[in-house]
file upload20.csv (CSV, C-alpha atoms)
chain,number,residue,atom,x,y,z
Q,103,MET,CA,85.1,111.4,101.4
Q,104,LYS,CA,83.5,111.5,97.9
Q,105,LYS,CA,79.9,112.7,97.3
Q,106,ALA,CA,77.2,112.5,94.7
Q,107,THR,CA,76.4,115.6,92.7
Q,108,THR,CA,73.7,116.6,95.2
Q,109,VAL,CA,74.6,117.3,98.8
Q,110,ASN,CA,73.1,114.5,101.0
Q,111,ILE,CA,74.6,113.8,104.4
Q,112,CYS,CA,72.6,110.7,105.1
Q,113,THR,CA,73.7,109.1,101.8
Q,114,ARG,CA,77.3,109.9,102.6
Q,115,ARG,CA,77.3,108.6,106.1
Q,116,GLU,CA,75.5,105.4,105.1
Q,117,PHE,CA,78.0,104.8,102.3
Q,118,LEU,CA,80.9,105.3,104.7
Q,119,ARG,CA,79.4,103.0,107.3
Q,120,SER,CA,78.8,100.3,104.7
Q,121,CYS,CA,82.6,100.4,104.1
Q,122,GLY,CA,83.3,100.2,107.8
Q,123,VAL,CA,84.8,103.7,108.0
Q,124,LEU,CA,83.5,107.2,108.9
Q,125,GLY,CA,85.3,110.4,108.0
Q,126,LEU,CA,84.9,113.9,109.3
Q,127,GLY,CA,84.3,117.5,108.4
Q,128,LEU,CA,84.4,118.4,104.7
Q,129,VAL,CA,82.4,117.2,101.6
Q,130,ALA,CA,83.5,117.5,98.0
Q,131,VAL,CA,80.4,118.7,96.1
Q,132,GLY,CA,79.6,118.4,92.4
Q,133,SER,CA,82.2,115.7,91.6
Q,134,VAL,CA,81.8,112.2,90.3
Q,135,PRO,CA,79.7,110.0,92.7
Q,136,ALA,CA,81.7,107.8,95.1
Q,137,ALA,CA,82.7,104.5,93.6
Q,138,ALA,CA,85.6,102.2,93.3
Q,139,ARG,CA,86.4,103.6,89.9
Q,140,ALA,CA,84.6,106.1,87.6
Q,141,ALA,CA,85.4,108.0,84.4
Q,142,VAL,CA,83.4,110.7,82.8
Q,143,ARG,CA,84.0,112.9,79.7
Q,144,LEU,CA,83.4,116.6,80.0
Q,145,GLY,CA,82.2,118.8,77.2
Q,146,SER,CA,85.6,120.5,77.0
Q,147,GLY,CA,87.2,117.2,75.9
Q,148,ASP,CA,88.8,116.5,79.3
Q,149,HIS,CA,88.1,113.3,81.2
Q,150,VAL,CA,87.3,113.1,84.9
Q,151,VAL,CA,88.7,110.0,86.5
Q,152,THR,CA,87.7,109.2,90.1
Q,153,ARG,CA,88.9,106.4,92.3
Q,154,THR,CA,88.0,105.8,96.0
Q,155,LEU,CA,89.7,103.4,98.4
Q,156,PRO,CA,89.6,102.8,102.2
Q,157,LEU,CA,92.8,104.1,103.7
Q,158,MET,CA,93.9,105.6,107.0
Q,159,GLY,CA,90.7,104.6,108.7
Q,160,THR,CA,88.5,106.6,106.3
Q,161,LEU,CA,87.7,106.8,102.6
Q,162,VAL,CA,90.2,108.5,100.3
Q,163,GLY,CA,89.0,109.8,97.0
Q,164,ILE,CA,91.1,111.2,94.2
Q,165,THR,CA,89.5,113.0,91.2
Q,166,ALA,CA,91.8,113.8,88.3
Q,167,VAL,CA,90.9,115.9,85.2
Q,168,HIS,CA,93.0,115.4,82.0
Q,169,GLY,CA,92.6,115.1,78.3
Q,170,SER,CA,93.9,111.6,78.4
Q,171,PRO,CA,91.9,109.2,80.5
Q,172,ALA,CA,94.7,106.6,80.4
Q,173,LEU,CA,97.3,109.1,81.8
Q,174,ALA,CA,94.8,110.2,84.5
Q,175,GLU,CA,94.2,106.6,85.5
Q,176,GLU,CA,97.9,106.0,85.7
Q,177,ALA,CA,98.5,109.1,87.8
Q,178,VAL,CA,95.7,108.2,90.2
Q,179,GLY,CA,97.1,104.7,90.6
Q,180,ARG,CA,100.6,106.1,91.3
Q,181,ALA,CA,99.2,108.5,93.8
Q,182,PHE,CA,97.4,105.7,95.7
Q,183,GLU,CA,100.6,103.6,95.6
Q,184,GLU,CA,102.4,106.5,97.3
Q,185,MET,CA,99.7,106.9,99.9
Q,186,GLN,CA,99.8,103.2,100.7
Q,187,ARG,CA,103.6,103.3,101.0
Q,188,LEU,CA,103.4,106.2,103.5
Q,189,CYS,CA,100.7,104.5,105.5
Q,190,ALA,CA,103.3,101.8,106.1
Q,191,VAL,CA,105.4,104.5,107.8
Q,192,PHE,CA,102.8,106.4,109.9
Q,193,ASP,CA,100.1,103.8,110.9
Q,194,ARG,CA,100.7,103.5,114.7
Q,195,HIS,CA,98.1,100.7,115.0
Q,196,ARG,CA,100.1,98.3,112.9
Q,197,GLY,CA,103.0,96.6,114.6
Q,198,ASP,CA,105.4,96.7,111.7
Q,199,THR,CA,105.4,100.5,110.8
Q,200,ALA,CA,108.2,102.9,111.6
Q,201,LEU,CA,106.0,104.9,114.0
Q,202,SER,CA,104.8,101.8,115.9
Q,203,VAL,CA,108.3,100.6,116.3
Q,204,LEU,CA,109.4,104.0,117.6
Q,205,ASN,CA,106.5,103.9,120.1
Q,206,ARG,CA,107.4,100.4,121.2
Q,207,ASP,CA,111.2,100.8,121.6
Q,208,GLY,CA,111.4,104.5,122.3
Q,209,ARG,CA,114.1,104.9,119.6
Q,210,LEU,CA,114.3,104.2,115.8
Q,211,SER,CA,117.5,104.0,113.9
Q,212,GLY,CA,117.4,104.5,110.2
Q,213,ALA,CA,114.2,106.4,110.5
Q,214,PRO,CA,112.5,107.1,107.2
Q,215,ALA,CA,113.0,110.6,105.9
Q,216,GLU,CA,109.2,111.1,105.8
Q,217,LEU,CA,108.8,110.3,109.4
Q,218,ARG,CA,111.7,112.7,110.4
Q,219,ALA,CA,110.2,115.4,108.2
Q,220,VAL,CA,106.7,115.2,109.7
Q,221,LEU,CA,108.2,115.1,113.3
Q,222,GLU,CA,110.3,118.1,112.6
Q,223,ARG,CA,107.2,120.0,111.3
Q,224,SER,CA,105.2,118.7,114.3
Q,225,LEU,CA,107.9,120.2,116.7
Q,226,SER,CA,107.8,123.5,114.8
Q,227,LEU,CA,104.0,123.6,115.1
Q,228,HIS,CA,104.2,122.7,118.8
Q,229,SER,CA,106.4,125.7,119.3
Q,230,LEU,CA,104.3,128.0,117.1
Q,231,SER,CA,101.1,127.0,118.9
Q,232,GLU,CA,102.8,127.3,122.4
Q,233,GLY,CA,102.2,123.6,123.0
Q,234,ALA,CA,98.6,123.3,121.8
Q,235,PHE,CA,99.7,120.9,119.1
Q,236,ASP,CA,101.5,118.0,120.7
Q,237,PRO,CA,102.0,114.6,119.1
Q,238,SER,CA,103.0,113.1,122.5
Q,239,VAL,CA,99.4,113.0,123.7
Q,240,ALA,CA,99.1,109.4,122.5
Q,241,PRO,CA,99.0,107.9,126.0
Q,242,LEU,CA,96.0,110.1,126.9
Q,243,VAL,CA,94.1,109.4,123.7
Q,244,ASP,CA,94.7,105.7,123.9
Q,245,ALA,CA,93.7,105.5,127.6
Q,246,GLN,CA,90.4,107.4,126.8
Q,247,ARG,CA,89.7,105.1,123.9
Q,248,ALA,CA,90.5,101.9,125.8
Q,249,GLN,CA,88.1,102.7,128.7
Q,250,GLY,CA,85.5,104.6,126.8
Q,251,SER,CA,85.5,107.6,129.0
Q,252,ALA,CA,87.3,110.7,130.2
Q,253,LEU,CA,90.3,110.0,132.5
Q,254,SER,CA,90.2,110.2,136.3
Q,255,ARG,CA,92.4,112.6,138.3
Q,256,GLN,CA,94.6,109.6,139.2
Q,257,GLU,CA,94.9,108.5,135.6
Q,258,LEU,CA,95.9,112.0,134.6
Q,259,THR,CA,98.5,112.2,137.3
Q,260,GLU,CA,100.1,109.0,136.0
Q,261,LEU,CA,100.0,109.8,132.3
Q,262,MET,CA,100.5,113.6,132.1
Q,263,PRO,CA,104.3,113.3,132.7
Q,264,LEU,CA,104.6,111.4,129.5
Q,265,VAL,CA,103.2,114.3,127.5
Q,266,ASP,CA,106.0,116.6,126.4
Q,267,ALA,CA,106.9,117.1,122.7
Q,268,ARG,CA,110.1,118.8,123.8
Q,269,ARG,CA,111.4,115.3,124.7
Q,270,ILE,CA,111.3,114.2,121.1
Q,271,VAL,CA,114.7,114.0,119.5
Q,272,VAL,CA,114.9,114.0,115.7
Q,273,GLY,CA,118.4,113.2,114.4
Q,274,SER,CA,119.9,112.9,110.9
Q,275,ASP,CA,118.9,109.3,110.7
Q,276,HIS,CA,117.2,108.4,113.9
Q,277,VAL,CA,114.3,109.4,116.2
Q,278,ALA,CA,114.1,109.0,120.0
Q,279,LEU,CA,111.6,109.6,122.7
Q,280,GLY,CA,113.2,111.1,125.8
Q,281,LYS,CA,111.2,109.4,128.5
Q,282,SER,CA,110.2,105.7,129.0
Q,283,GLY,CA,106.5,105.2,128.3
Q,284,MET,CA,106.2,108.0,125.9
Q,285,SER,CA,104.4,107.4,122.6
Q,286,LEU,CA,103.4,109.5,119.6
Q,287,THR,CA,100.2,110.0,117.6
Q,288,LEU,CA,100.6,111.7,114.2
Q,289,ASP,CA,96.9,111.4,113.4
Q,290,GLY,CA,96.6,115.2,113.5
Q,291,ILE,CA,99.2,115.8,110.8
Q,292,ALA,CA,100.3,112.6,108.9
Q,293,LYS,CA,97.0,112.2,107.0
Q,294,GLY,CA,97.5,115.7,105.7
Q,295,PHE,CA,101.1,115.0,104.8
Q,296,ILE,CA,100.0,111.9,102.9
Q,297,ALA,CA,97.3,113.8,101.0
Q,298,ASP,CA,99.9,116.5,100.0
Q,299,GLN,CA,102.2,113.8,98.7
Q,300,ALA,CA,99.5,112.3,96.6
Q,301,SER,CA,98.8,115.7,95.1
Q,302,ALA,CA,102.5,116.0,94.4
Q,303,VAL,CA,102.5,112.7,92.5
Q,304,LEU,CA,99.5,113.8,90.4
Q,305,THR,CA,101.2,117.0,89.5
Q,306,ALA,CA,104.5,115.3,88.6
Q,307,CYS,CA,102.5,113.0,86.3
Q,308,GLY,CA,101.1,116.0,84.5
Q,309,VAL,CA,97.7,116.0,86.0
Q,310,VAL,CA,97.5,119.6,87.2
Q,311,ASN,CA,93.7,119.6,87.8
Q,312,HIS,CA,92.9,117.3,90.7
Q,313,LEU,CA,91.3,117.0,94.1
Q,314,VAL,CA,92.5,114.7,96.9
Q,315,ASN,CA,90.0,114.1,99.6
Q,316,ALA,CA,91.4,112.1,102.5
Q,317,GLY,CA,88.4,111.7,104.7
Q,318,GLY,CA,87.7,115.4,104.7
Q,319,ASP,CA,91.3,116.6,104.5
Q,320,ILE,CA,91.3,118.1,101.1
Q,321,ARG,CA,94.0,119.3,98.7
Q,322,ALA,CA,92.8,121.1,95.6
Q,323,ALA,CA,94.7,121.9,92.5
Q,324,GLY,CA,93.5,123.7,89.3
Q,325,THR,CA,89.8,123.3,88.4
Q,326,LYS,CA,87.3,120.6,88.0
Q,327,ALA,CA,86.3,122.0,84.6
Q,328,PRO,CA,87.4,125.2,82.7
Q,329,GLY,CA,86.5,128.2,84.8
Q,330,GLN,CA,84.9,126.0,87.6
Q,331,PRO,CA,86.8,125.7,90.9
Q,332,TRP,CA,86.4,122.7,93.2
Q,333,THR,CA,83.5,123.1,95.6
Q,334,VAL,CA,83.8,121.9,99.2
Q,335,ALA,CA,81.1,122.2,101.9
Q,336,VAL,CA,81.9,122.4,105.6
Q,337,GLU,CA,79.8,119.7,107.3
Q,338,ASP,CA,77.2,120.7,109.9
Q,339,PRO,CA,78.2,119.2,113.2
Q,340,ALA,CA,74.5,119.0,114.3
Q,341,LYS,CA,73.7,117.0,111.2
Q,342,ALA,CA,70.8,119.2,110.4
Q,343,GLY,CA,71.7,119.8,106.8
Q,344,HIS,CA,72.8,123.4,107.3
Q,345,TYR,CA,76.3,123.8,105.9
Q,346,PRO,CA,78.3,126.5,107.8
Q,347,ALA,CA,80.2,127.4,104.6
Q,348,VAL,CA,80.7,126.4,101.0
Q,349,LEU,CA,84.3,127.0,99.7
Q,350,HIS,CA,85.5,127.3,96.1
Q,351,LEU,CA,89.1,126.2,95.7
Q,352,SER,CA,91.5,126.4,92.8
Q,353,GLY,CA,94.5,125.6,95.0
Q,354,GLY,CA,95.6,125.1,98.6
Q,355,ALA,CA,94.1,123.0,101.2
Q,356,VAL,CA,91.3,122.8,103.8
Q,357,ALA,CA,90.8,120.5,106.8
Q,358,THR,CA,88.4,120.1,109.6
Q,359,SER,CA,88.8,118.9,113.2
Q,360,GLY,CA,85.8,118.2,115.3
Q,361,ASN,CA,84.4,116.2,118.2
Q,362,TYR,CA,81.1,115.1,116.7
Q,363,GLU,CA,82.0,111.7,115.1
Q,364,ASN,CA,85.3,110.4,116.6
Q,365,TYR,CA,84.3,110.2,120.3
Q,366,TYR,CA,84.6,107.4,122.8
Q,367,ASP,CA,81.6,107.7,125.2
Q,368,ARG,CA,77.9,108.5,124.8
Q,369,ARG,CA,78.2,111.9,126.5
Q,370,ARG,CA,81.1,112.8,124.1
Q,371,GLU,CA,83.3,113.9,127.0
Q,372,ALA,CA,86.2,111.9,125.5
Q,373,HIS,CA,87.2,112.2,121.9
Q,374,HIS,CA,90.3,112.1,119.7
Q,375,VAL,CA,91.5,115.7,120.4
Q,376,VAL,CA,93.2,116.2,123.8
Q,377,THR,CA,94.3,119.5,125.3
Q,378,PRO,CA,98.0,118.9,126.2
Q,379,GLY,CA,97.9,121.2,129.3
Q,380,SER,CA,94.9,119.5,131.0
Q,381,GLY,CA,94.8,116.0,129.5
Q,382,MET,CA,91.1,116.4,128.8
Q,383,SER,CA,89.2,116.6,125.5
Q,384,PRO,CA,88.0,120.2,124.7
Q,385,HIS,CA,84.3,121.0,124.4
Q,386,GLU,CA,83.9,124.7,123.6
Q,387,ILE,CA,84.6,124.2,119.8
Q,388,VAL,CA,82.8,121.3,118.1
Q,389,SER,CA,84.2,122.0,114.6
Q,390,CYS,CA,87.2,123.9,113.3
Q,391,THR,CA,87.9,124.3,109.6
Q,392,VAL,CA,91.2,125.7,108.5
Q,393,LYS,CA,92.4,126.9,105.1
Q,394,ALA,CA,96.2,126.7,104.5
Q,395,PRO,CA,98.7,126.1,101.7
Q,396,THR,CA,99.0,122.4,102.6
Q,397,VAL,CA,96.8,119.8,104.1
Q,398,MET,CA,99.5,118.9,106.6
Q,399,GLU,CA,99.4,122.4,108.0
Q,400,ALA,CA,95.6,122.8,107.8
Q,401,ASP,CA,95.2,119.5,109.6
Q,402,ALA,CA,97.6,120.3,112.4
Q,403,LEU,CA,96.3,123.9,112.9
Q,404,ALA,CA,92.7,122.7,113.2
Q,405,THR,CA,93.8,120.3,115.9
Q,406,ALA,CA,95.7,123.0,117.7
Q,407,VAL,CA,92.8,125.5,117.6
Q,408,MET,CA,90.4,122.9,119.0
Q,409,ALA,CA,92.7,122.5,121.9
Q,410,MET,CA,93.2,126.3,122.4
Q,411,GLY,CA,89.5,127.3,122.5
Q,412,ALA,CA,87.7,129.9,120.5
Q,413,ARG,CA,89.2,133.2,121.7
Q,414,ARG,CA,92.8,132.1,121.7
Q,415,GLY,CA,92.4,130.0,118.6
Q,416,LEU,CA,91.0,132.8,116.5
Q,417,ALA,CA,93.8,135.2,117.6
Q,418,PHE,CA,96.3,132.5,116.8
Q,419,VAL,CA,95.0,132.0,113.2
Q,420,ASP,CA,94.8,135.7,112.7
Q,421,SER,CA,98.5,136.0,113.5
Q,422,LEU,CA,99.4,133.7,110.7
Q,423,PRO,CA,99.6,135.2,107.2
Q,424,GLU,CA,97.4,133.5,104.5
Q,425,ARG,CA,95.6,131.2,107.0
Q,426,GLU,CA,91.9,131.3,107.8
Q,427,CYS,CA,89.5,129.3,110.0
Q,428,LEU,CA,85.8,128.9,110.8
Q,429,LEU,CA,84.8,127.7,114.2
Q,430,VAL,CA,81.4,126.2,115.2
Q,431,THR,CA,80.9,126.2,119.0
Q,432,ALA,CA,78.9,124.0,121.2
Q,433,SER,CA,76.2,126.7,121.3
Q,434,GLY,CA,76.0,126.6,117.5
Q,435,ALA,CA,77.7,130.0,117.0
Q,436,GLN,CA,79.8,130.3,113.9
Q,437,LEU,CA,83.0,132.3,114.5
Q,438,PRO,CA,85.2,133.2,111.5
Q,439,SER,CA,88.8,134.4,111.6
Q,440,ARG,CA,89.5,137.9,110.3
Q,441,ARG,CA,90.4,136.8,106.8
Q,442,TRP,CA,87.8,134.0,106.4
Q,443,GLY,CA,86.3,134.6,103.0
call {"tool": "encode", "arguments": {"input": "upload20.csv", "output": "structure tokens"}}
result
Amino acid sequence: MKKATTVNICTRREFLRSCGVLGLGLVAVGSVPAAARAAVRLGSGDHVVTRTLPLMGTLVGITAVHGSPALAEEAVGRAFEEMQRLCAVFDRHRGDTALSVLNRDGRLSGAPAELRAVLERSLSLHSLSEGAFDPSVAPLVDAQRAQGSALSRQELTELMPLVDARRIVVGSDHVALGKSGMSLTLDGIAKGFIADQASAVLTACGVVNHLVNAGGDIRAAGTKAPGQPWTVAVEDPAKAGHYPAVLHLSGGAVATSGNYENYYDRRREAHHVVTPGSGMSPHEIVSCTVKAPTVMEADALATAVMAMGARRGLAFVDSLPERECLLVTASGAQLPSRRWG
């Protein structure tokens, strides 16, 4: 989600809604204003090239800094091409993608390497988080979305047996779901993976200074200008204009998961995060921002911590080297992990 040089939540939200999408959690500050394309020359002689496109149900912005505007434009174009290619693997709402075919048939032969890699990482994080991160919660999320409310006890009884990431089989060239009726959502990890891959394309093209902002899932590399790191503000869940934190990044990634925009009922009892053990959406934490080496990991860890709750979630992040988080609770309290800067 790109922003103008001044922090203005209303402007950002209106812009996103005018495009028919709404993102979540983190705002890039002090970069080129959101636009289809933009190019600005810095005093150092470098050029800042920015491009924003609607992808993955949100706005994706890429800002590239390089001495050659033509090279930066080419690199940004290739990064978006890679993101669009990967969307054709992971979008479960389109009937022709690898993930949607897997969900429909329960098995996918000749599964793309990217899908197998993300599923393998998902299973690793499922084990690491003791089940808090579970891509097999799709039936619960879809049922909440379809009826616009939290699920009844009877509905949970029917659907909970389908939630078990341990039944996912990832082979050398195939993927299978171990129980009829299972389906997967990779919304909590694939967007981060796609952002990481876009960053890798930019680096391979020689653009070492760049920022990829996939609807608030951010990968930063280098600086936006000599001696100036990228600046990212954590959005206020209450929309009161009080940013819980402002981060300065010269590398790594940051992602936020929250319940304050992607919810399905007026009371916000049902939203896009589901606790695998209960089948219900969690409410103690309204926003979890995680810093990690990759967006894929930051994205997944933020989802897991939301499901864990504050006490367990903070202890979990503190147990992971070089990972940090900041929680905002329903009461408005801000709870940092031990290493949060």
call {"tool": "closest_residue", "arguments": {"input": "upload20.csv", "among": "Q:Asn361, Q:Gly317, Q:Leu428, Q:Ile270", "to": "Ser226 of chain Q", "atoms": "all atoms listed in the file"}}
result
Q:Ile270
call {"tool": "closest_residue", "arguments": {"input": "upload20.csv", "among": "Q:Phe235, Q:Trp332, Q:Trp442, Q:Phe418", "to": "Thr405 of chain Q", "atoms": "all atoms listed in the file"}}
result
Q:Phe235
call {"tool": "atom_distance", "arguments": {"input": "upload20.csv", "atom1": "atom CA of Ala200 of chain Q", "atom2": "atom CA of Leu279 of chain Q"}}
result
13.4 Å
call {"tool": "residues_around", "arguments": {"input": "upload20.csv", "residues": "Leu225 of chain Q", "least_positions_apart": "4", "cutoff": "9 Å", "atoms": "only C-alpha atoms", "output": "list in words"}}
result
Val220, Leu221, Ser229, Leu230, Phe235, Asp236, Pro237, Ala267, Arg268 and Ile270 of chain Q
call {"tool": "residues_near_point", "arguments": {"input": "upload20.csv", "point": "(88.6, 136.9, 108.9)", "cutoff": "9 Å", "atoms": "all atoms listed in the file", "output": "number ranges by chain"}}
result
Q: 416, 420, 426-428, 438-443
call {"tool": "build_atoms", "arguments": {"input": "upload20.csv", "residues": "segment 231-247 of chain Q", "atoms": "N, CA, C and O atoms", "output": "PDB file, in the coordinates of the input"}}
result
ATOM      1  N   SER Q 231     102.418 126.998 118.249  1.00  0.00           N
ATOM      2  CA  SER Q 231     101.100 127.000 118.900  1.00  0.00           C
ATOM      3  C   SER Q 231     101.266 127.060 120.451  1.00  0.00           C
ATOM      4  O   SER Q 231     100.266 126.907 121.166  1.00  0.00           O
ATOM      5  N   GLU Q 232     102.484 127.242 120.922  1.00  0.00           N
ATOM      6  CA  GLU Q 232     102.800 127.300 122.400  1.00  0.00           C
ATOM      7  C   GLU Q 232     102.265 126.027 123.062  1.00  0.00           C
ATOM      8  O   GLU Q 232     101.678 126.084 124.144  1.00  0.00           O
ATOM      9  N   GLY Q 233     102.494 124.882 122.413  1.00  0.00           N
ATOM     10  CA  GLY Q 233     102.200 123.600 123.000  1.00  0.00           C
ATOM     11  C   GLY Q 233     100.814 123.051 122.738  1.00  0.00           C
ATOM     12  O   GLY Q 233     100.512 121.916 123.145  1.00  0.00           O
ATOM     13  N   ALA Q 234      99.951 123.790 122.057  1.00  0.00           N
ATOM     14  CA  ALA Q 234      98.600 123.300 121.800  1.00  0.00           C
ATOM     15  C   ALA Q 234      98.584 122.101 120.867  1.00  0.00           C
ATOM     16  O   ALA Q 234      97.742 121.210 120.995  1.00  0.00           O
ATOM     17  N   PHE Q 235      99.507 122.083 119.911  1.00  0.00           N
ATOM     18  CA  PHE Q 235      99.700 120.900 119.100  1.00  0.00           C
ATOM     19  C   PHE Q 235     100.808 120.076 119.628  1.00  0.00           C
ATOM     20  O   PHE Q 235     101.942 120.535 119.693  1.00  0.00           O
ATOM     21  N   ASP Q 236     100.501 118.855 120.047  1.00  0.00           N
ATOM     22  CA  ASP Q 236     101.500 118.000 120.700  1.00  0.00           C
ATOM     23  C   ASP Q 236     101.285 116.566 120.338  1.00  0.00           C
ATOM     24  O   ASP Q 236     100.313 115.945 120.779  1.00  0.00           O
ATOM     25  N   PRO Q 237     102.171 115.977 119.529  1.00  0.00           N
ATOM     26  CA  PRO Q 237     102.000 114.600 119.100  1.00  0.00           C
ATOM     27  C   PRO Q 237     102.233 113.577 120.230  1.00  0.00           C
ATOM     28  O   PRO Q 237     101.943 112.392 120.071  1.00  0.00           O
ATOM     29  N   SER Q 238     102.727 114.026 121.382  1.00  0.00           N
ATOM     30  CA  SER Q 238     103.000 113.100 122.500  1.00  0.00           C
ATOM     31  C   SER Q 238     101.797 112.825 123.365  1.00  0.00           C
ATOM     32  O   SER Q 238     101.923 112.181 124.410  1.00  0.00           O
ATOM     33  N   VAL Q 239     100.605 113.295 122.952  1.00  0.00           N
ATOM     34  CA  VAL Q 239      99.400 113.000 123.700  1.00  0.00           C
ATOM     35  C   VAL Q 239      98.864 111.620 123.532  1.00  0.00           C
ATOM     36  O   VAL Q 239      97.820 111.274 124.082  1.00  0.00           O
ATOM     37  N   ALA Q 240      99.560 110.789 122.778  1.00  0.00           N
ATOM     38  CA  ALA Q 240      99.100 109.400 122.500  1.00  0.00           C
ATOM     39  C   ALA Q 240      98.664 108.644 123.713  1.00  0.00           C
ATOM     40  O   ALA Q 240      97.628 107.977 123.694  1.00  0.00           O
ATOM     41  N   PRO Q 241      99.438 108.652 124.815  1.00  0.00           N
ATOM     42  CA  PRO Q 241      99.000 107.900 126.000  1.00  0.00           C
ATOM     43  C   PRO Q 241      97.639 108.299 126.515  1.00  0.00           C
ATOM     44  O   PRO Q 241      96.857 107.454 126.965  1.00  0.00           O
ATOM     45  N   LEU Q 242      97.322 109.582 126.452  1.00  0.00           N
ATOM     46  CA  LEU Q 242      96.000 110.100 126.900  1.00  0.00           C
ATOM     47  C   LEU Q 242      94.914 109.644 125.966  1.00  0.00           C
ATOM     48  O   LEU Q 242      93.854 109.177 126.404  1.00  0.00           O
ATOM     49  N   VAL Q 243      95.135 109.800 124.670  1.00  0.00           N
ATOM     50  CA  VAL Q 243      94.100 109.400 123.700  1.00  0.00           C
ATOM     51  C   VAL Q 243      93.856 107.917 123.764  1.00  0.00           C
ATOM     52  O   VAL Q 243      92.690 107.477 123.759  1.00  0.00           O
ATOM     53  N   ASP Q 244      94.903 107.129 123.860  1.00  0.00           N
ATOM     54  CA  ASP Q 244      94.700 105.700 123.900  1.00  0.00           C
ATOM     55  C   ASP Q 244      94.022 105.231 125.183  1.00  0.00           C
ATOM     56  O   ASP Q 244      93.201 104.305 125.156  1.00  0.00           O
ATOM     57  N   ALA Q 245      94.315 105.879 126.299  1.00  0.00           N
ATOM     58  CA  ALA Q 245      93.700 105.500 127.600  1.00  0.00           C
ATOM     59  C   ALA Q 245      92.172 105.856 127.503  1.00  0.00           C
ATOM     60  O   ALA Q 245      91.326 105.074 127.968  1.00  0.00           O
ATOM     61  N   GLN Q 246      91.830 107.008 126.930  1.00  0.00           N
ATOM     62  CA  GLN Q 246      90.400 107.400 126.800  1.00  0.00           C
ATOM     63  C   GLN Q 246      89.688 106.378 125.891  1.00  0.00           C
ATOM     64  O   GLN Q 246      88.573 105.938 126.198  1.00  0.00           O
ATOM     65  N   ARG Q 247      90.326 106.024 124.785  1.00  0.00           N
ATOM     66  CA  ARG Q 247      89.700 105.100 123.900  1.00  0.00           C
ATOM     67  C   ARG Q 247      89.511 103.715 124.501  1.00  0.00           C
ATOM     68  O   ARG Q 247      88.463 103.080 124.341  1.00  0.00           O
TER      69      ARG Q 247
END
